[in-house]
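Visitor: Got a file for you: upload23.pdb, PDB, C-alpha atoms, pLDDT in the B column.
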```pdb
MODEL        1
ATOM      1  CA  MET X   1      11.311 -54.736   4.675  1.00 59.00           C
ATOM      2  CA  ASN X   2       9.057 -52.236   6.494  1.00 66.00           C
ATOM      3  CA  ASN X   3       7.987 -49.355   4.237  1.00 63.00           C
ATOM      4  CA  LYS X   4       5.725 -47.817   6.871  1.00 66.00           C
ATOM      5  CA  PRO X   5       8.133 -44.977   7.859  1.00 57.00           C
ATOM      6  CA  LEU X   6       8.642 -44.115   4.188  1.00 57.00           C
ATOM      7  CA  ALA X   7       4.882 -44.073   3.553  1.00 50.00           C
ATOM      8  CA  ILE X   8       4.311 -41.855   6.598  1.00 57.00           C
ATOM      9  CA  ALA X   9       7.016 -39.446   5.426  1.00 50.00           C
ATOM     10  CA  ALA X  10       5.512 -39.288   1.928  1.00 49.00           C
ATOM     11  CA  LEU X  11       2.041 -38.672   3.358  1.00 47.00           C
ATOM     12  CA  THR X  12       3.378 -35.936   5.635  1.00 55.00           C
ATOM     13  CA  LEU X  13       5.058 -34.214   2.677  1.00 53.00           C
ATOM     14  CA  ALA X  14       1.879 -34.457   0.606  1.00 50.00           C
ATOM     15  CA  ILE X  15      -0.203 -32.911   3.396  1.00 56.00           C
ATOM     16  CA  ALA X  16       2.347 -30.116   3.858  1.00 49.00           C
ATOM     17  CA  ALA X  17       2.316 -29.400   0.111  1.00 47.00           C
ATOM     18  CA  LEU X  18      -1.491 -29.211   0.097  1.00 48.00           C
ATOM     19  CA  ALA X  19      -1.451 -26.865   3.084  1.00 47.00           C
ATOM     20  CA  LEU X  20       1.032 -24.556   1.336  1.00 44.00           C
ATOM     21  CA  GLU X  21      -1.015 -24.642  -1.858  1.00 46.00           C
ATOM     22  CA  ALA X  22      -4.174 -23.764   0.083  1.00 49.00           C
ATOM     23  CA  ARG X  23      -2.421 -20.701   1.540  1.00 52.00           C
ATOM     24  CA  ALA X  24      -0.920 -19.598  -1.776  1.00 70.00           C
ATOM     25  CA  GLU X  25      -2.186 -16.296  -3.028  1.00 88.00           C
ATOM     26  CA  VAL X  26      -3.778 -15.669  -6.382  1.00 95.00           C
ATOM     27  CA  THR X  27      -1.424 -14.240  -9.002  1.00 96.00           C
ATOM     28  CA  PHE X  28      -2.808 -10.980 -10.371  1.00 97.00           C
ATOM     29  CA  ARG X  29      -1.657  -9.880 -13.829  1.00 96.00           C
ATOM     30  CA  ASN X  30      -1.817  -6.690 -15.839  1.00 95.00           C
ATOM     31  CA  ALA X  31      -4.671  -7.005 -18.362  1.00 93.00           C
ATOM     32  CA  VAL X  32      -2.536  -5.608 -21.189  1.00 91.00           C
ATOM     33  CA  THR X  33       1.046  -6.746 -20.542  1.00 93.00           C
ATOM     34  CA  GLY X  34       0.449  -9.909 -18.521  1.00 94.00           C
ATOM     35  CA  GLU X  35       3.070  -8.824 -15.992  1.00 96.00           C
ATOM     36  CA  THR X  36       2.435  -9.575 -12.326  1.00 96.00           C
ATOM     37  CA  LEU X  37       0.771  -6.623 -10.592  1.00 96.00           C
ATOM     38  CA  ASP X  38       2.853  -4.904  -7.927  1.00 95.00           C
ATOM     39  CA  PHE X  39       0.611  -3.858  -5.046  1.00 94.00           C
ATOM     40  CA  SER X  40       3.372  -1.734  -3.507  1.00 93.00           C
ATOM     41  CA  PHE X  41       2.259   1.031  -5.914  1.00 89.00           C
ATOM     42  CA  ALA X  42      -1.298   0.988  -4.546  1.00 94.00           C
ATOM     43  CA  LYS X  43      -2.821   3.961  -2.792  1.00 95.00           C
ATOM     44  CA  ALA X  44      -2.465   3.533   0.969  1.00 95.00           C
ATOM     45  CA  GLY X  45      -5.302   2.282   3.132  1.00 94.00           C
ATOM     46  CA  GLY X  46      -6.554  -0.676   1.120  1.00 95.00           C
ATOM     47  CA  ASP X  47      -4.967  -3.581   2.959  1.00 94.00           C
ATOM     48  CA  SER X  48      -8.234  -4.541   4.650  1.00 97.00           C
ATOM     49  CA  GLU X  49      -9.274  -7.999   5.834  1.00 97.00           C
ATOM     50  CA  ALA X  50     -11.529  -8.172   2.759  1.00 98.00           C
ATOM     51  CA  PHE X  51      -8.575  -7.508   0.449  1.00 97.00           C
ATOM     52  CA  LYS X  52      -6.425 -10.076   2.252  1.00 97.00           C
ATOM     53  CA  LYS X  53      -9.150 -12.705   1.722  1.00 97.00           C
ATOM     54  CA  PHE X  54      -9.509 -11.652  -1.898  1.00 97.00           C
ATOM     55  CA  LYS X  55      -5.780 -12.125  -2.507  1.00 97.00           C
ATOM     56  CA  GLU X  56      -6.038 -15.642  -1.080  1.00 97.00           C
ATOM     57  CA  ASN X  57      -9.074 -16.951  -2.966  1.00 97.00           C
ATOM     58  CA  GLY X  58      -9.908 -14.499  -5.763  1.00 97.00           C
ATOM     59  CA  LYS X  59     -13.492 -14.027  -4.567  1.00 97.00           C
ATOM     60  CA  ASN X  60     -14.695 -10.537  -3.680  1.00 98.00           C
ATOM     61  CA  PRO X  61     -16.041 -10.787  -0.119  1.00 98.00           C
ATOM     62  CA  TYR X  62     -18.193  -7.680  -0.699  1.00 98.00           C
ATOM     63  CA  ASN X  63     -20.292  -9.272  -3.467  1.00 97.00           C
ATOM     64  CA  GLY X  64     -23.905  -9.412  -2.318  1.00 96.00           C
ATOM     65  CA  ASN X  65     -23.298  -7.103   0.658  1.00 97.00           C
ATOM     66  CA  LYS X  66     -26.090  -4.518   0.252  1.00 97.00           C
ATOM     67  CA  GLU X  67     -24.541  -2.208   2.839  1.00 97.00           C
ATOM     68  CA  ILE X  68     -21.460  -1.933   0.611  1.00 96.00           C
ATOM     69  CA  THR X  69     -23.179  -1.980  -2.794  1.00 95.00           C
ATOM     70  CA  GLU X  70     -25.863   0.562  -1.929  1.00 95.00           C
ATOM     71  CA  GLY X  71     -23.506   2.706   0.121  1.00 96.00           C
ATOM     72  CA  LYS X  72     -19.817   3.268  -0.426  1.00 97.00           C
ATOM     73  CA  GLY X  73     -19.486   0.996  -3.473  1.00 97.00           C
ATOM     74  CA  HIS X  74     -22.064   3.004  -5.418  1.00 98.00           C
ATOM     75  CA  SER X  75     -20.701   6.330  -4.183  1.00 98.00           C
ATOM     76  CA  LEU X  76     -17.149   5.387  -5.174  1.00 98.00           C
ATOM     77  CA  TYR X  77     -18.352   4.167  -8.572  1.00 98.00           C
ATOM     78  CA  LEU X  78     -20.157   7.470  -9.202  1.00 98.00           C
ATOM     79  CA  SER X  79     -17.085   9.547  -8.393  1.00 97.00           C
ATOM     80  CA  ALA X  80     -14.431   7.339 -10.011  1.00 96.00           C
ATOM     81  CA  CYS X  81     -16.103   5.484 -12.889  1.00 96.00           C
ATOM     82  CA  SER X  82     -19.412   6.998 -14.015  1.00 97.00           C
ATOM     83  CA  GLY X  83     -17.807   9.709 -16.153  1.00 95.00           C
ATOM     84  CA  CYS X  84     -16.739   7.037 -18.641  1.00 94.00           C
ATOM     85  CA  HIS X  85     -19.010   4.076 -17.893  1.00 96.00           C
ATOM     86  CA  GLY X  86     -22.290   5.921 -17.162  1.00 97.00           C
ATOM     87  CA  HIS X  87     -24.177   6.465 -13.922  1.00 96.00           C
ATOM     88  CA  GLU X  88     -25.820   3.045 -14.097  1.00 96.00           C
ATOM     89  CA  ALA X  89     -22.867   1.261 -15.769  1.00 96.00           C
ATOM     90  CA  GLU X  90     -24.693   1.492 -19.099  1.00 96.00           C
ATOM     91  CA  GLY X  91     -21.613   2.742 -20.951  1.00 94.00           C
ATOM     92  CA  LYS X  92     -20.576   6.131 -22.336  1.00 94.00           C
ATOM     93  CA  ILE X  93     -17.033   6.767 -23.474  1.00 92.00           C
ATOM     94  CA  GLY X  94     -16.110   3.441 -21.901  1.00 92.00           C
ATOM     95  CA  PRO X  95     -18.039   0.193 -22.316  1.00 93.00           C
ATOM     96  CA  GLY X  96     -21.122  -0.758 -20.349  1.00 94.00           C
ATOM     97  CA  LEU X  97     -20.442  -2.870 -17.278  1.00 95.00           C
ATOM     98  CA  ALA X  98     -23.926  -4.152 -16.439  1.00 95.00           C
ATOM     99  CA  ASP X  99     -24.416  -6.522 -19.371  1.00 94.00           C
ATOM    100  CA  ASP X 100     -22.731  -9.764 -20.356  1.00 90.00           C
ATOM    101  CA  TYR X 101     -20.451  -8.332 -23.050  1.00 92.00           C
ATOM    102  CA  TRP X 102     -16.930  -7.802 -21.724  1.00 90.00           C
ATOM    103  CA  THR X 103     -14.133  -6.195 -23.711  1.00 88.00           C
ATOM    104  CA  TYR X 104     -11.793  -8.274 -21.551  1.00 88.00           C
ATOM    105  CA  PRO X 105     -13.394 -11.707 -21.014  1.00 89.00           C
ATOM    106  CA  ARG X 106     -11.373 -12.203 -17.809  1.00 90.00           C
ATOM    107  CA  ALA X 107     -13.550  -9.477 -16.263  1.00 93.00           C
ATOM    108  CA  THR X 108     -16.235 -12.122 -15.804  1.00 94.00           C
ATOM    109  CA  SER X 109     -14.173 -13.212 -12.795  1.00 96.00           C
ATOM    110  CA  ASP X 110     -13.474 -11.017  -9.781  1.00 97.00           C
ATOM    111  CA  VAL X 111      -9.735 -11.436 -10.316  1.00 97.00           C
ATOM    112  CA  GLY X 112      -9.998 -10.269 -13.928  1.00 96.00           C
ATOM    113  CA  LEU X 113     -12.132  -7.224 -13.114  1.00 97.00           C
ATOM    114  CA  PHE X 114      -9.749  -6.275 -10.309  1.00 98.00           C
ATOM    115  CA  GLU X 115      -6.766  -6.594 -12.664  1.00 97.00           C
ATOM    116  CA  ILE X 116      -8.374  -4.104 -15.048  1.00 96.00           C
ATOM    117  CA  LEU X 117      -9.244  -1.653 -12.278  1.00 96.00           C
ATOM    118  CA  PHE X 118      -5.834  -1.836 -10.653  1.00 97.00           C
ATOM    119  CA  GLY X 119      -3.594  -1.967 -13.708  1.00 96.00           C
ATOM    120  CA  GLY X 120      -5.726  -0.379 -16.429  1.00 94.00           C
ATOM    121  CA  ALA X 121      -6.602  -1.559 -19.905  1.00 92.00           C
ATOM    122  CA  GLN X 122      -6.096  -0.485 -23.485  1.00 88.00           C
ATOM    123  CA  GLY X 123      -7.564   2.808 -24.636  1.00 84.00           C
ATOM    124  CA  SER X 124      -8.505   5.412 -22.064  1.00 85.00           C
ATOM    125  CA  MET X 125      -8.761   3.106 -19.051  1.00 91.00           C
ATOM    126  CA  GLY X 126      -5.722   3.973 -17.003  1.00 91.00           C
ATOM    127  CA  PRO X 127      -4.591   2.215 -13.841  1.00 95.00           C
ATOM    128  CA  GLN X 128      -6.679   3.201 -10.836  1.00 96.00           C
ATOM    129  CA  TYR X 129      -4.184   2.282  -8.106  1.00 96.00           C
ATOM    130  CA  VAL X 130      -3.328   5.981  -7.738  1.00 93.00           C
ATOM    131  CA  ASN X 131      -6.950   7.113  -7.341  1.00 95.00           C
ATOM    132  CA  LEU X 132      -8.427   4.218  -5.350  1.00 97.00           C
ATOM    133  CA  ASN X 133      -7.065   1.891  -2.727  1.00 97.00           C
ATOM    134  CA  THR X 134      -7.505  -1.842  -3.195  1.00 98.00           C
ATOM    135  CA  ASP X 135     -10.406  -2.099  -0.733  1.00 98.00           C
ATOM    136  CA  GLU X 136     -12.252   0.699  -2.548  1.00 98.00           C
ATOM    137  CA  MET X 137     -11.763  -1.197  -5.810  1.00 98.00           C
ATOM    138  CA  LEU X 138     -13.418  -4.262  -4.268  1.00 98.00           C
ATOM    139  CA  GLN X 139     -16.345  -2.112  -3.141  1.00 98.00           C
ATOM    140  CA  ILE X 140     -16.795  -0.670  -6.640  1.00 98.00           C
ATOM    141  CA  MET X 141     -16.604  -4.168  -8.106  1.00 98.00           C
ATOM    142  CA  ALA X 142     -19.353  -5.326  -5.724  1.00 98.00           C
ATOM    143  CA  TRP X 143     -21.591  -2.495  -6.936  1.00 98.00           C
ATOM    144  CA  ILE X 144     -20.890  -3.395 -10.581  1.00 97.00           C
ATOM    145  CA  ARG X 145     -21.784  -7.013  -9.831  1.00 97.00           C
ATOM    146  CA  ALA X 146     -24.989  -5.896  -8.062  1.00 97.00           C
ATOM    147  CA  VAL X 147     -26.285  -4.028 -11.144  1.00 97.00           C
ATOM    148  CA  TYR X 148     -25.446  -6.846 -13.578  1.00 96.00           C
ATOM    149  CA  LYS X 149     -28.347  -7.538 -15.947  1.00 95.00           C
ATOM    150  CA  GLY X 150     -26.703 -10.137 -18.168  1.00 93.00           C
ATOM    151  CA  ASP X 151     -26.969 -13.907 -18.362  1.00 94.00           C
ATOM    152  CA  PRO X 152     -26.023 -15.419 -14.969  1.00 93.00           C
ATOM    153  CA  ALA X 153     -24.398 -18.356 -16.789  1.00 93.00           C
ATOM    154  CA  LYS X 154     -21.798 -15.908 -18.182  1.00 92.00           C
ATOM    155  CA  ALA X 155     -20.989 -14.476 -14.742  1.00 91.00           C
ATOM    156  CA  ASP X 156     -17.997 -16.415 -13.417  1.00 92.00           C
ATOM    157  CA  TRP X 157     -18.144 -14.516 -10.122  1.00 91.00           C
ATOM    158  CA  LEU X 158     -21.493 -16.178  -9.385  1.00 90.00           C
ATOM    159  CA  LYS X 159     -20.016 -19.687  -9.600  1.00 86.00           C
TER     160      LYS X 159
ENDMDL
END
```
Translate this file's structure into C-alpha cells.

Guide:
Amino acid sequence: MNNKPLAIAALTLAIAALALEARAEVTFRNAVTGETLDFSFAKAGGDSEAFKKFKENGKNPYNGNKEITEGKGHSLYLSACSGCHGHEAEGKIGPGLADDYWTYPRATSDVGLFEILFGGAQGSMGPQYVNLNTDEMLQIMAWIRAVYKGDPAKADWLK
C-alpha cells in the first residue's frame, strides 16, 4: 500500500498550520480584568505600519530608534505621562518607569507595557486609548525603554 499521498497531504496541512500560526496576531489583554483589548475604541490615527508589526510579533519596532525616542516619543511622554511618572520616569504620584521594579511584572515585555497604557491599571492609571493613538503609545514606550537604568537581565523587551 502506497502511503505517499497521505504523507504529502499531512505535510501540506502541517505547513499550512505553521503559516497560519506565524501570521496570528498577539492577544492583548487588559492588565486588570484580563479581558481581550478592543482596539476599535482607540483614538484614530494609530494604525501605522509599526503598530501592525507590533500586533503580529509583540515587539515594539521603535525601540532603539533615536529619532523617535529623542523626538516625538519624549515629547509625548512629557505631555501625557510626566505629571504622574516624573519628567525622567523617576516616579511621582505614579511609579518610576526607568528602574527594574514593575508594579505589573508583564510590563517587562512590550506587550505588557502596551496593555497597561492602552487599557489602564489599578489606582489612578486610566486607559490612555482616548488620549493617545496606538502608534503614539509605541513611541512613548520606546522612550521609556531608552531611559531604562535597571538590570538588562530583567528587561524582557531586550531579549

Visitor: For the structure shown, which residues end up in the PyMOL selection byres ((chain X and resi 34) around 12)? Put them as a ChimeraX atom specification, please?

Guide: /X:27-33,35-38,112,115-116,119-121

Visitor: Output the residue selection produced by the PyMOL selection byres ((chain X and resi 78) around 12) on the file above, formatted as a ChimeraX atom specification.

Guide: /X:69-77,79-89,139-140,143-144

Visitor: Please save C-alpha atoms of the selected residues as a tab-separated table (two decimals), in the frame of the given file.

Guide:
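Contents of part10.tsv, as written:
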```
chain	number	residue	atom	x	y	z
X	69	THR	CA	-23.18	-1.98	-2.79
X	70	GLU	CA	-25.86	0.56	-1.93
X	71	GLY	CA	-23.51	2.71	0.12
X	72	LYS	CA	-19.82	3.27	-0.43
X	73	GLY	CA	-19.49	1.00	-3.47
X	74	HIS	CA	-22.06	3.00	-5.42
X	75	SER	CA	-20.70	6.33	-4.18
X	76	LEU	CA	-17.15	5.39	-5.17
X	77	TYR	CA	-18.35	4.17	-8.57
X	79	SER	CA	-17.08	9.55	-8.39
X	80	ALA	CA	-14.43	7.34	-10.01
X	81	CYS	CA	-16.10	5.48	-12.89
X	82	SER	CA	-19.41	7.00	-14.02
X	83	GLY	CA	-17.81	9.71	-16.15
X	84	CYS	CA	-16.74	7.04	-18.64
X	85	HIS	CA	-19.01	4.08	-17.89
X	86	GLY	CA	-22.29	5.92	-17.16
X	87	HIS	CA	-24.18	6.46	-13.92
X	88	GLU	CA	-25.82	3.04	-14.10
X	89	ALA	CA	-22.87	1.26	-15.77
X	139	GLN	CA	-16.34	-2.11	-3.14
X	140	ILE	CA	-16.80	-0.67	-6.64
X	143	TRP	CA	-21.59	-2.50	-6.94
X	144	ILE	CA	-20.89	-3.40	-10.58
```

Visitor: Pick the closest to Gly126 of chain X from X:Gly94, X:Lys149, X:Trp157, X:Lys53: which is it, counting only C-alpha atoms?

Guide: X:Gly94

Visitor: Show which residues sit within 7 Å of Gly150 of chain X, as a PDB file with C-alpha atoms, in the coordinates of the input. Count all atoms listed in the file, and ignore same-chain residues fewer than 5 positions away.

Guide:
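See out-v9.pdb below for the written result:
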```
ATOM      1  CA  ALA X  98     -23.926  -4.152 -16.439  1.00 95.00           C
ATOM      2  CA  ASP X  99     -24.416  -6.522 -19.371  1.00 94.00           C
ATOM      3  CA  ASP X 100     -22.731  -9.764 -20.356  1.00 90.00           C
TER       4      ASP X 100
END
```

Visitor: Taking only C-alpha atoms into account, which of X:Leu113, X:Asn63, X:Lys159, X:Ala142 comes nearest Gln128 of chain X?

Guide: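 Under the stated criterion, the closest residue is X:Leu113.
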